[in-house]
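Raw query06.cif, mmCIF, C-alpha atoms:
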```
data_my_file
loop_
_atom_site.label_atom_id
_atom_site.label_comp_id
_atom_site.auth_asym_id
_atom_site.auth_seq_id
_atom_site.Cartn_x
_atom_site.Cartn_y
_atom_site.Cartn_z
CA ASP A 1 -36.89 113.61 122.08
CA GLN A 2 -34.66 112.88 125.07
CA GLN A 3 -35.78 109.44 126.23
CA VAL A 4 -33.14 109.20 128.95
CA LYS A 5 -32.44 112.24 131.11
CA GLN A 6 -29.88 113.06 133.74
CA ASN A 7 -30.98 116.40 135.10
CA SER A 8 -27.96 117.10 137.29
CA PRO A 9 -24.91 118.05 135.21
CA SER A 10 -22.65 117.85 138.25
CA LEU A 11 -22.45 116.52 141.80
CA SER A 12 -19.86 117.14 144.51
CA VAL A 13 -19.49 114.74 147.45
CA GLN A 14 -17.08 114.36 150.34
CA GLU A 15 -14.87 111.27 150.42
CA GLY A 16 -16.48 108.48 152.45
CA ARG A 17 -20.02 109.77 151.99
CA ILE A 18 -22.70 108.42 149.68
CA SER A 19 -22.99 109.58 146.07
CA ILE A 20 -26.44 109.32 144.49
CA LEU A 21 -26.74 109.82 140.74
CA ASN A 22 -30.20 110.00 139.23
CA CYS A 23 -31.67 109.18 135.86
CA ASP A 24 -35.20 109.41 134.44
CA TYR A 25 -36.59 107.79 131.33
CA THR A 26 -39.76 108.14 129.31
CA ASN A 27 -40.08 104.83 127.43
CA SER A 28 -41.60 102.02 129.53
CA MET A 29 -40.46 99.46 126.93
CA PHE A 30 -36.79 99.53 127.88
CA ASP A 31 -35.49 96.10 128.91
CA TYR A 32 -32.15 96.95 130.50
CA PHE A 33 -30.58 99.94 132.15
CA LEU A 34 -26.84 100.44 132.42
CA TRP A 35 -24.41 102.83 134.04
CA TYR A 36 -21.13 103.79 132.41
CA LYS A 37 -18.25 105.78 133.86
CA LYS A 38 -16.02 107.99 131.72
CA TYR A 39 -12.65 109.49 132.56
CA PRO A 40 -11.20 112.27 130.37
CA ALA A 41 -9.51 111.01 127.18
CA GLU A 42 -10.95 107.51 127.69
CA GLY A 43 -14.05 105.79 126.38
CA PRO A 44 -16.97 105.01 128.69
CA THR A 45 -16.46 101.94 130.89
CA PHE A 46 -19.34 99.67 131.87
CA LEU A 47 -20.08 99.83 135.59
CA ILE A 48 -23.31 98.03 136.46
CA SER A 49 -26.64 97.12 134.88
CA ILE A 50 -30.15 96.13 135.90
CA SER A 51 -32.89 94.25 134.13
CA SER A 52 -36.30 95.90 133.94
CA ILE A 53 -37.76 92.99 135.91
CA LYS A 54 -35.61 93.76 138.95
CA ASP A 55 -35.60 96.69 141.33
CA LYS A 56 -32.08 96.46 142.72
CA ASN A 57 -28.65 95.23 141.70
CA GLU A 58 -25.54 95.47 143.82
CA ASP A 59 -21.87 95.12 142.98
CA GLY A 60 -19.45 96.03 145.73
CA ARG A 61 -19.72 99.73 146.48
CA PHE A 62 -22.17 100.28 143.61
CA THR A 63 -25.93 99.70 143.80
CA VAL A 64 -28.47 100.54 141.15
CA PHE A 65 -32.12 100.99 142.07
CA LEU A 66 -34.96 100.90 139.55
CA ASN A 67 -38.41 102.38 140.18
CA LYS A 68 -40.48 101.41 137.16
CA SER A 69 -43.64 103.19 138.24
CA ALA A 70 -41.71 106.46 138.48
CA LYS A 71 -39.52 105.63 135.43
CA HIS A 72 -36.51 106.48 137.55
CA LEU A 73 -33.23 104.82 138.34
CA SER A 74 -30.40 105.80 140.62
CA LEU A 75 -26.82 104.76 141.21
CA HIS A 76 -25.54 104.75 144.78
CA ILE A 77 -21.82 104.71 145.50
CA VAL A 78 -20.91 103.95 149.11
CA PRO A 79 -18.40 104.93 150.32
CA SER A 80 -17.33 107.45 147.67
CA GLN A 81 -13.63 107.62 146.85
CA PRO A 82 -11.62 110.32 145.00
CA GLY A 83 -10.99 107.79 142.20
CA ASP A 84 -14.73 107.73 141.56
CA SER A 85 -14.50 111.27 140.18
CA ALA A 86 -15.64 110.95 136.57
CA VAL A 87 -18.63 111.54 134.30
CA TYR A 88 -21.39 108.96 134.82
CA PHE A 89 -23.83 108.10 132.06
CA CYS A 90 -26.99 106.11 132.43
CA ALA A 91 -28.18 104.25 129.35
CA ALA A 92 -31.24 102.24 128.37
CA TRP A 93 -31.67 99.39 125.92
CA ARG A 94 -34.49 97.50 124.22
CA TYR A 95 -34.39 94.04 122.61
CA GLN A 96 -36.13 95.51 119.58
CA GLY A 97 -33.78 98.02 117.99
CA GLY A 98 -30.64 97.07 119.82
CA LYS A 99 -29.27 100.53 120.46
CA LEU A 100 -28.11 102.03 123.71
CA ILE A 101 -29.73 105.38 124.50
CA PHE A 102 -27.62 107.52 126.80
CA GLY A 103 -28.42 110.35 129.15
CA GLN A 104 -26.42 113.57 129.08
CA GLY A 105 -24.12 112.54 131.92
CA THR A 106 -23.43 113.74 135.47
CA GLU A 107 -19.95 114.81 136.46
CA LEU A 108 -19.15 113.47 139.93
CA SER A 109 -16.41 115.10 141.98
CA VAL A 110 -15.36 113.33 145.19
CA LYS A 111 -13.32 115.61 147.41
CA PRO A 112 -10.78 114.25 149.92
CA GLU B 1 -6.23 90.44 125.01
CA THR B 2 -6.18 93.89 123.42
CA GLY B 3 -8.95 96.39 124.00
CA VAL B 4 -10.83 98.51 121.50
CA THR B 5 -8.60 100.89 119.59
CA GLN B 6 -9.52 103.83 117.37
CA SER B 7 -7.58 105.89 114.88
CA PRO B 8 -6.80 108.65 114.46
CA THR B 9 -6.97 110.25 117.91
CA HIS B 10 -7.65 113.72 116.57
CA LEU B 11 -8.62 115.01 113.16
CA ILE B 12 -9.28 118.45 111.68
CA LYS B 13 -11.27 118.77 108.45
CA THR B 14 -13.01 121.55 106.60
CA ARG B 15 -16.67 121.76 105.69
CA GLY B 16 -17.60 119.66 102.66
CA GLN B 17 -14.71 117.21 103.03
CA GLN B 18 -15.01 113.50 103.69
CA VAL B 19 -13.54 111.57 106.64
CA THR B 20 -12.92 107.93 107.53
CA LEU B 21 -12.54 106.83 111.13
CA ARG B 22 -11.29 103.37 112.09
CA CYS B 23 -11.97 100.99 114.93
CA SER B 24 -10.41 97.69 115.92
CA SER B 25 -12.67 95.47 118.00
CA GLN B 26 -11.68 93.68 121.13
CA SER B 27 -10.53 90.14 120.40
CA GLY B 28 -13.46 87.71 120.00
CA HIS B 29 -16.10 90.41 119.51
CA ASN B 30 -18.38 90.25 116.44
CA THR B 31 -20.44 93.44 116.91
CA VAL B 32 -19.40 97.05 116.55
CA SER B 33 -21.49 100.10 117.39
CA TRP B 34 -20.64 103.71 116.57
CA TYR B 35 -21.66 106.73 118.63
CA GLN B 36 -21.34 110.49 118.27
CA GLN B 37 -20.78 112.48 121.46
CA ALA B 38 -21.20 116.23 121.14
CA LEU B 39 -19.76 118.48 123.83
CA GLY B 40 -21.76 118.26 127.05
CA GLN B 41 -24.00 115.50 125.73
CA GLY B 42 -24.19 111.74 126.07
CA PRO B 43 -23.16 109.45 123.21
CA GLN B 44 -25.77 109.17 120.44
CA PHE B 45 -26.14 105.90 118.55
CA ILE B 46 -25.19 106.13 114.87
CA PHE B 47 -25.37 102.48 113.77
CA GLN B 48 -24.36 98.94 114.66
CA TYR B 49 -22.72 96.21 112.59
CA TYR B 50 -23.09 92.53 113.38
CA ARG B 51 -21.06 90.03 111.34
CA GLU B 52 -20.48 92.59 108.57
CA GLU B 53 -24.16 93.59 108.19
CA GLU B 54 -25.74 96.81 109.41
CA ASN B 55 -27.96 95.81 112.31
CA GLY B 56 -29.63 99.02 113.39
CA ARG B 57 -29.33 102.73 112.76
CA GLY B 58 -30.01 105.88 114.72
CA ASN B 59 -31.27 109.24 113.46
CA PHE B 60 -28.30 110.10 111.28
CA PRO B 61 -28.44 111.01 107.58
CA PRO B 62 -27.16 108.68 104.84
CA ARG B 63 -23.91 110.63 104.55
CA PHE B 64 -22.91 108.69 107.67
CA SER B 65 -22.02 105.21 106.47
CA GLY B 66 -20.00 102.32 107.75
CA LEU B 67 -18.34 99.02 107.06
CA GLN B 68 -17.38 96.00 109.11
CA PHE B 69 -14.62 93.74 107.84
CA PRO B 70 -14.21 89.95 108.18
CA ASN B 71 -11.84 90.49 111.12
CA TYR B 72 -14.66 92.57 112.71
CA SER B 73 -12.76 95.83 112.54
CA SER B 74 -14.88 98.72 111.33
CA GLU B 75 -14.89 102.08 109.56
CA LEU B 76 -17.16 105.08 109.91
CA ASN B 77 -17.33 107.33 106.86
CA VAL B 78 -18.84 110.78 106.86
CA ASN B 79 -19.33 112.65 103.58
CA ALA B 80 -19.98 116.34 103.01
CA LEU B 81 -18.86 117.31 106.49
CA GLU B 82 -20.83 120.00 108.31
CA LEU B 83 -19.77 122.16 111.25
CA ASP B 84 -22.20 120.25 113.53
CA ASP B 85 -20.32 117.02 112.82
CA SER B 86 -17.61 118.25 115.19
CA ALA B 87 -17.73 115.76 118.04
CA LEU B 88 -16.07 112.80 119.72
CA TYR B 89 -16.77 109.62 117.77
CA LEU B 90 -16.79 106.46 119.85
CA CYS B 91 -16.88 102.89 118.74
CA ALA B 92 -17.81 100.02 121.01
CA SER B 93 -17.42 96.31 120.45
CA SER B 94 -19.32 93.43 122.02
CA PHE B 95 -19.93 89.74 121.57
CA GLY B 96 -23.58 89.89 120.58
CA GLN B 97 -26.03 92.68 119.89
CA GLY B 98 -27.97 92.94 123.07
CA GLY B 99 -28.10 94.99 126.22
CA THR B 100 -26.86 92.05 128.24
CA ASP B 101 -23.74 91.95 126.08
CA THR B 102 -21.39 94.49 127.55
CA GLN B 103 -20.14 97.05 125.06
CA TYR B 104 -16.47 97.96 125.41
CA PHE B 105 -15.66 101.44 124.20
CA GLY B 106 -12.56 102.75 122.55
CA PRO B 107 -11.04 106.11 123.56
CA GLY B 108 -12.67 107.90 120.64
CA THR B 109 -11.64 110.11 117.73
CA ARG B 110 -12.03 113.85 118.22
CA LEU B 111 -13.20 115.36 114.91
CA THR B 112 -13.14 119.11 114.40
CA VAL B 113 -14.81 120.56 111.31
CA LEU B 114 -13.80 124.12 110.41
#
```
For this file, produce the structure as structure tokens.
Amino acid sequence: DQQVKQNSPSLSVQEGRISILNCDYTNSMFDYFLWYKKYPAEGPTFLISISSIKDKNEDGRFTVFLNKSAKHLSLHIVPSQPGDSAVYFCAAWRYQGGKLIFGQGTELSVKP
Amino acid sequence: ETGVTQSPTHLIKTRGQQVTLRCSSQSGHNTVSWYQQALGQGPQFIFQYYREEENGRGNFPPRFSGLQFPNYSSELNVNALELDDSALYLCASSFGQGGTDTQYFGPGTRLTVL
């Protein structure tokens, strides 16, 4: 049962444009949602998170939007830079249980 | 401040063997979580240790076991290896068990089971 889904395995964007990565979830009991970035041969690195009681969180070029009614979240990167090229994972977390549940990942390629 | 380290980097085993993977937490962190990442998939939660006690477990059989030591370093042990155990094994440390406590991941151990 895939509770967190990233339906786009890959995304290609031109440098300077907006990158939008999407994530859907099925469990309405999640308390936090997080985005991680992963470069080859490195572990995932925390990028940004959002509480389930908020609908937007911004940190520099990165903004995460949460639509609870649609059980959907998205990560916007503006402007996109070649160094943003990586695999992006969304993850969800509940107070009860304590485990992070990850999506399958989306590979972002930002072309100069 | 050192980050999360894992050893070994790569490992090749044969079916039926046993393996031990090691993780050193980031300084000051008291919680370690282990994940299995199969090719093309996201990390899957195996279990978490908080102050040397198992604090949550995912859908993995008992042949996956772990330990956390007083210095908060950790081991993942897998017995009776199967071909499907081939994956990247990631550990992550944090100060605290919750979603608001950022988990810092190590680079992983690539396990191949032949």
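Restricting the calculation to all atoms listed in the file, the smallest distance between chain A and any of B:Gly66, B:Ser25, B:Val32, B:Gly58 is found for B:Gly58.
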Could the residues of chain B that have an atom at most 9 Å from chain A be listed as a Markdown table, each with its closest atom pair and the distance in Å to one decimal, counting all atoms listed in the file and ordered by chain and ascending residue number?
```
| residue | atom | partner | partner_atom | distance |
| --- | --- | --- | --- | --- |
| B:Ser33 | CA | A:Lys99 | CA | 8.4 |
| B:Gly40 | CA | A:Gln104 | CA | 6.9 |
| B:Gln41 | CA | A:Gln104 | CA | 4.6 |
| B:Gly42 | CA | A:Gln104 | CA | 4.2 |
| B:Pro43 | CA | A:Phe102 | CA | 6.0 |
| B:Gln44 | CA | A:Ile101 | CA | 6.8 |
| B:Phe45 | CA | A:Lys99 | CA | 6.5 |
| B:Ile46 | CA | A:Lys99 | CA | 8.9 |
| B:Phe47 | CA | A:Lys99 | CA | 8.0 |
| B:Gln48 | CA | A:Lys99 | CA | 7.8 |
| B:Asn55 | CA | A:Gly98 | CA | 8.1 |
| B:Gly56 | CA | A:Gly97 | CA | 6.3 |
| B:Arg57 | CA | A:Lys99 | CA | 8.0 |
| B:Gly58 | CA | A:Lys99 | CA | 7.9 |
| B:Leu90 | CA | A:Gly43 | CA | 7.1 |
| B:Cys91 | CA | A:Gly43 | CA | 8.6 |
| B:Ala92 | CA | A:Gly43 | CA | 8.7 |
| B:Gln97 | CA | A:Gly98 | CA | 6.4 |
| B:Gly98 | CA | A:Gly98 | CA | 5.9 |
| B:Gly99 | CA | A:Trp93 | CA | 5.7 |
| B:Thr100 | CA | A:Tyr32 | CA | 7.6 |
| B:Thr102 | CA | A:Phe46 | CA | 7.0 |
| B:Gln103 | CA | A:Phe46 | CA | 7.3 |
| B:Tyr104 | CA | A:Thr45 | CA | 6.8 |
| B:Phe105 | CA | A:Gly43 | CA | 5.1 |
| B:Gly106 | CA | A:Gly43 | CA | 5.1 |
| B:Pro107 | CA | A:Gly43 | CA | 4.1 |
| B:Gly108 | CA | A:Gly43 | CA | 6.3 |
```
Selection dump of the PyMOL selection byres ((chain A and resi 74) around 7), as a list in words: Ile20, Leu21, Asn22, Cys23, Val64, Phe65, Leu66, His72, Leu73, Leu75 and His76 of chain A
Matched chain/residue IDs from the PyMOL selection byres ((chain B and resi 73) around 6), as a VMD selection string: chain B and resid 23 to 25 68 to 69 71 to 72 74
Gap from CA of Asp55 in chain A to CA of Thr31 in chain B - Å, one decimal: 28.9 Å
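Remark: for Arg22 in chain B, the closest of the candidate residues B:Tyr35, B:Thr109, B:Ser94, B:Asn79 is B:Thr109 (distances computed over only C-alpha atoms).
For Arg61 in chain A, the non-local neighbours within 9 Å, defined as residues at least 4 positions apart in the same chain or in other chains and counting all atoms listed in the file, are His76, Ile77, Val78, Pro79 and Ser80 of chain A.
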Residues returned when the PyMOL selection byres ((chain B and resi 114) around 10) runs on this file, as a count of residues only: 14
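Closest to Phe95 in chain B among B:Leu67, B:Gln6, B:Arg51, B:Gln17 is B:Arg51, based on all atoms listed in the file.
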Within 10 Å of Gln14 in chain A using all atoms listed in the file, minus same-chain residues under 3 positions, as a list in words: Arg17, Ile18, Ser19, Pro79, Ser80, Gln81, Pro82, Ser109, Val110, Lys111 and Pro112 of chain A
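Interatomic distance, CA of Glu58 in chain A to CA of Gly28 in chain B: 27.8 Å.
Using all atoms listed in the file, the nearest neighbour of Val4 in chain B within the list B:Asn77, B:Ser93, B:Phe64, B:Asp101 is B:Ser93.
One distance worth recording is that between CA of Tyr89 in chain B and CA of Trp34 in chain B, which is 7.2 Å.
Proximity ranking of A:Glu107, A:Tyr36, A:Phe62, A:Gln3 relative to Ser85 in chain A places A:Glu107 first, based on all atoms listed in the file.
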Protein, DNA and RNA residues within 7 Å of (-22.5, 89.7, 113.5), only C-alpha atoms, as a PyMOL selection string: chain B and resi 30-31+49-53
Could you rebuild range 71-95 of chain A with N, CA, C and O atoms and give me the result as an mmCIF file, in the coordinates of the input?
```cif
data_model
loop_
_atom_site.group_PDB
_atom_site.id
_atom_site.type_symbol
_atom_site.label_atom_id
_atom_site.label_comp_id
_atom_site.auth_asym_id
_atom_site.auth_seq_id
_atom_site.Cartn_x
_atom_site.Cartn_y
_atom_site.Cartn_z
ATOM 1 N N LYS A 71 -40.455 105.582 136.562
ATOM 2 C CA LYS A 71 -39.520 105.630 135.430
ATOM 3 C C LYS A 71 -38.237 106.346 135.867
ATOM 4 O O LYS A 71 -37.773 107.305 135.234
ATOM 5 N N HIS A 72 -37.663 105.833 136.931
ATOM 6 C CA HIS A 72 -36.510 106.480 137.550
ATOM 7 C C HIS A 72 -35.522 105.413 138.003
ATOM 8 O O HIS A 72 -35.905 104.373 138.531
ATOM 9 N N LEU A 73 -34.240 105.677 137.765
ATOM 10 C CA LEU A 73 -33.230 104.820 138.340
ATOM 11 C C LEU A 73 -32.134 105.667 138.973
ATOM 12 O O LEU A 73 -31.982 106.850 138.631
ATOM 13 N N SER A 74 -31.466 105.073 139.933
ATOM 14 C CA SER A 74 -30.400 105.800 140.620
ATOM 15 C C SER A 74 -29.222 104.867 140.851
ATOM 16 O O SER A 74 -29.381 103.657 140.965
ATOM 17 N N LEU A 75 -28.066 105.464 140.908
ATOM 18 C CA LEU A 75 -26.820 104.760 141.210
ATOM 19 C C LEU A 75 -26.297 105.291 142.530
ATOM 20 O O LEU A 75 -26.118 106.499 142.676
ATOM 21 N N HIS A 76 -26.082 104.385 143.481
ATOM 22 C CA HIS A 76 -25.540 104.750 144.780
ATOM 23 C C HIS A 76 -24.111 104.245 144.874
ATOM 24 O O HIS A 76 -23.846 103.059 144.563
ATOM 25 N N ILE A 77 -23.218 105.091 145.305
ATOM 26 C CA ILE A 77 -21.820 104.710 145.500
ATOM 27 C C ILE A 77 -21.501 104.950 146.974
ATOM 28 O O ILE A 77 -21.575 106.083 147.461
ATOM 29 N N VAL A 78 -21.198 103.840 147.684
ATOM 30 C CA VAL A 78 -20.910 103.950 149.110
ATOM 31 C C VAL A 78 -19.751 103.031 149.489
ATOM 32 O O VAL A 78 -19.842 101.826 149.242
ATOM 33 N N PRO A 79 -18.676 103.518 150.131
ATOM 34 C CA PRO A 79 -18.400 104.930 150.320
ATOM 35 C C PRO A 79 -17.754 105.526 149.059
ATOM 36 O O PRO A 79 -17.078 104.817 148.310
ATOM 37 N N SER A 80 -17.936 106.791 148.832
ATOM 38 C CA SER A 80 -17.330 107.450 147.670
ATOM 39 C C SER A 80 -15.836 107.629 147.879
ATOM 40 O O SER A 80 -15.384 107.896 149.009
ATOM 41 N N GLN A 81 -15.086 107.475 146.796
ATOM 42 C CA GLN A 81 -13.630 107.620 146.850
ATOM 43 C C GLN A 81 -13.198 108.642 145.785
ATOM 44 O O GLN A 81 -13.871 108.776 144.756
ATOM 45 N N PRO A 82 -12.072 109.326 146.005
ATOM 46 C CA PRO A 82 -11.620 110.320 145.000
ATOM 47 C C PRO A 82 -11.471 109.725 143.598
ATOM 48 O O PRO A 82 -11.738 110.402 142.603
ATOM 49 N N GLY A 83 -11.109 108.447 143.505
ATOM 50 C CA GLY A 83 -10.990 107.790 142.200
ATOM 51 C C GLY A 83 -12.308 107.591 141.480
ATOM 52 O O GLY A 83 -12.327 107.251 140.289
ATOM 53 N N ASP A 84 -13.408 107.826 142.192
ATOM 54 C CA ASP A 84 -14.730 107.730 141.560
ATOM 55 C C ASP A 84 -15.055 108.993 140.763
ATOM 56 O O ASP A 84 -16.057 109.026 140.045
ATOM 57 N N SER A 85 -14.251 110.027 140.905
ATOM 58 C CA SER A 85 -14.500 111.270 140.180
ATOM 59 C C SER A 85 -14.414 111.021 138.678
ATOM 60 O O SER A 85 -13.376 110.612 138.156
ATOM 61 N N ALA A 86 -15.525 111.249 137.998
ATOM 62 C CA ALA A 86 -15.640 110.950 136.570
ATOM 63 C C ALA A 86 -17.013 111.445 136.101
ATOM 64 O O ALA A 86 -17.811 111.923 136.905
ATOM 65 N N VAL A 87 -17.283 111.287 134.819
ATOM 66 C CA VAL A 87 -18.630 111.540 134.300
ATOM 67 C C VAL A 87 -19.369 110.201 134.248
ATOM 68 O O VAL A 87 -18.834 109.214 133.744
ATOM 69 N N TYR A 88 -20.574 110.175 134.786
ATOM 70 C CA TYR A 88 -21.390 108.960 134.820
ATOM 71 C C TYR A 88 -22.559 109.116 133.866
ATOM 72 O O TYR A 88 -23.312 110.093 133.915
ATOM 73 N N PHE A 89 -22.712 108.111 132.998
ATOM 74 C CA PHE A 89 -23.830 108.100 132.060
ATOM 75 C C PHE A 89 -24.757 106.954 132.397
ATOM 76 O O PHE A 89 -24.311 105.825 132.631
ATOM 77 N N CYS A 90 -26.055 107.218 132.423
ATOM 78 C CA CYS A 90 -26.990 106.110 132.430
ATOM 79 C C CYS A 90 -27.421 105.869 130.996
ATOM 80 O O CYS A 90 -27.388 106.771 130.153
ATOM 81 N N ALA A 91 -27.787 104.634 130.701
ATOM 82 C CA ALA A 91 -28.180 104.250 129.350
ATOM 83 C C ALA A 91 -29.291 103.223 129.447
ATOM 84 O O ALA A 91 -29.396 102.487 130.431
ATOM 85 N N ALA A 92 -30.116 103.175 128.417
ATOM 86 C CA ALA A 92 -31.240 102.240 128.370
ATOM 87 C C ALA A 92 -31.199 101.472 127.061
ATOM 88 O O ALA A 92 -30.681 101.973 126.052
ATOM 89 N N TRP A 93 -31.756 100.279 127.085
ATOM 90 C CA TRP A 93 -31.670 99.390 125.920
ATOM 91 C C TRP A 93 -32.942 98.568 125.783
ATOM 92 O O TRP A 93 -33.531 98.156 126.785
ATOM 93 N N ARG A 94 -33.359 98.352 124.518
ATOM 94 C CA ARG A 94 -34.490 97.500 124.220
ATOM 95 C C ARG A 94 -34.070 96.341 123.346
ATOM 96 O O ARG A 94 -33.212 96.510 122.484
ATOM 97 N N TYR A 95 -34.680 95.164 123.505
ATOM 98 C CA TYR A 95 -34.390 94.040 122.610
ATOM 99 C C TYR A 95 -34.687 94.410 121.166
ATOM 100 O O TYR A 95 -33.944 94.084 120.269
#
```
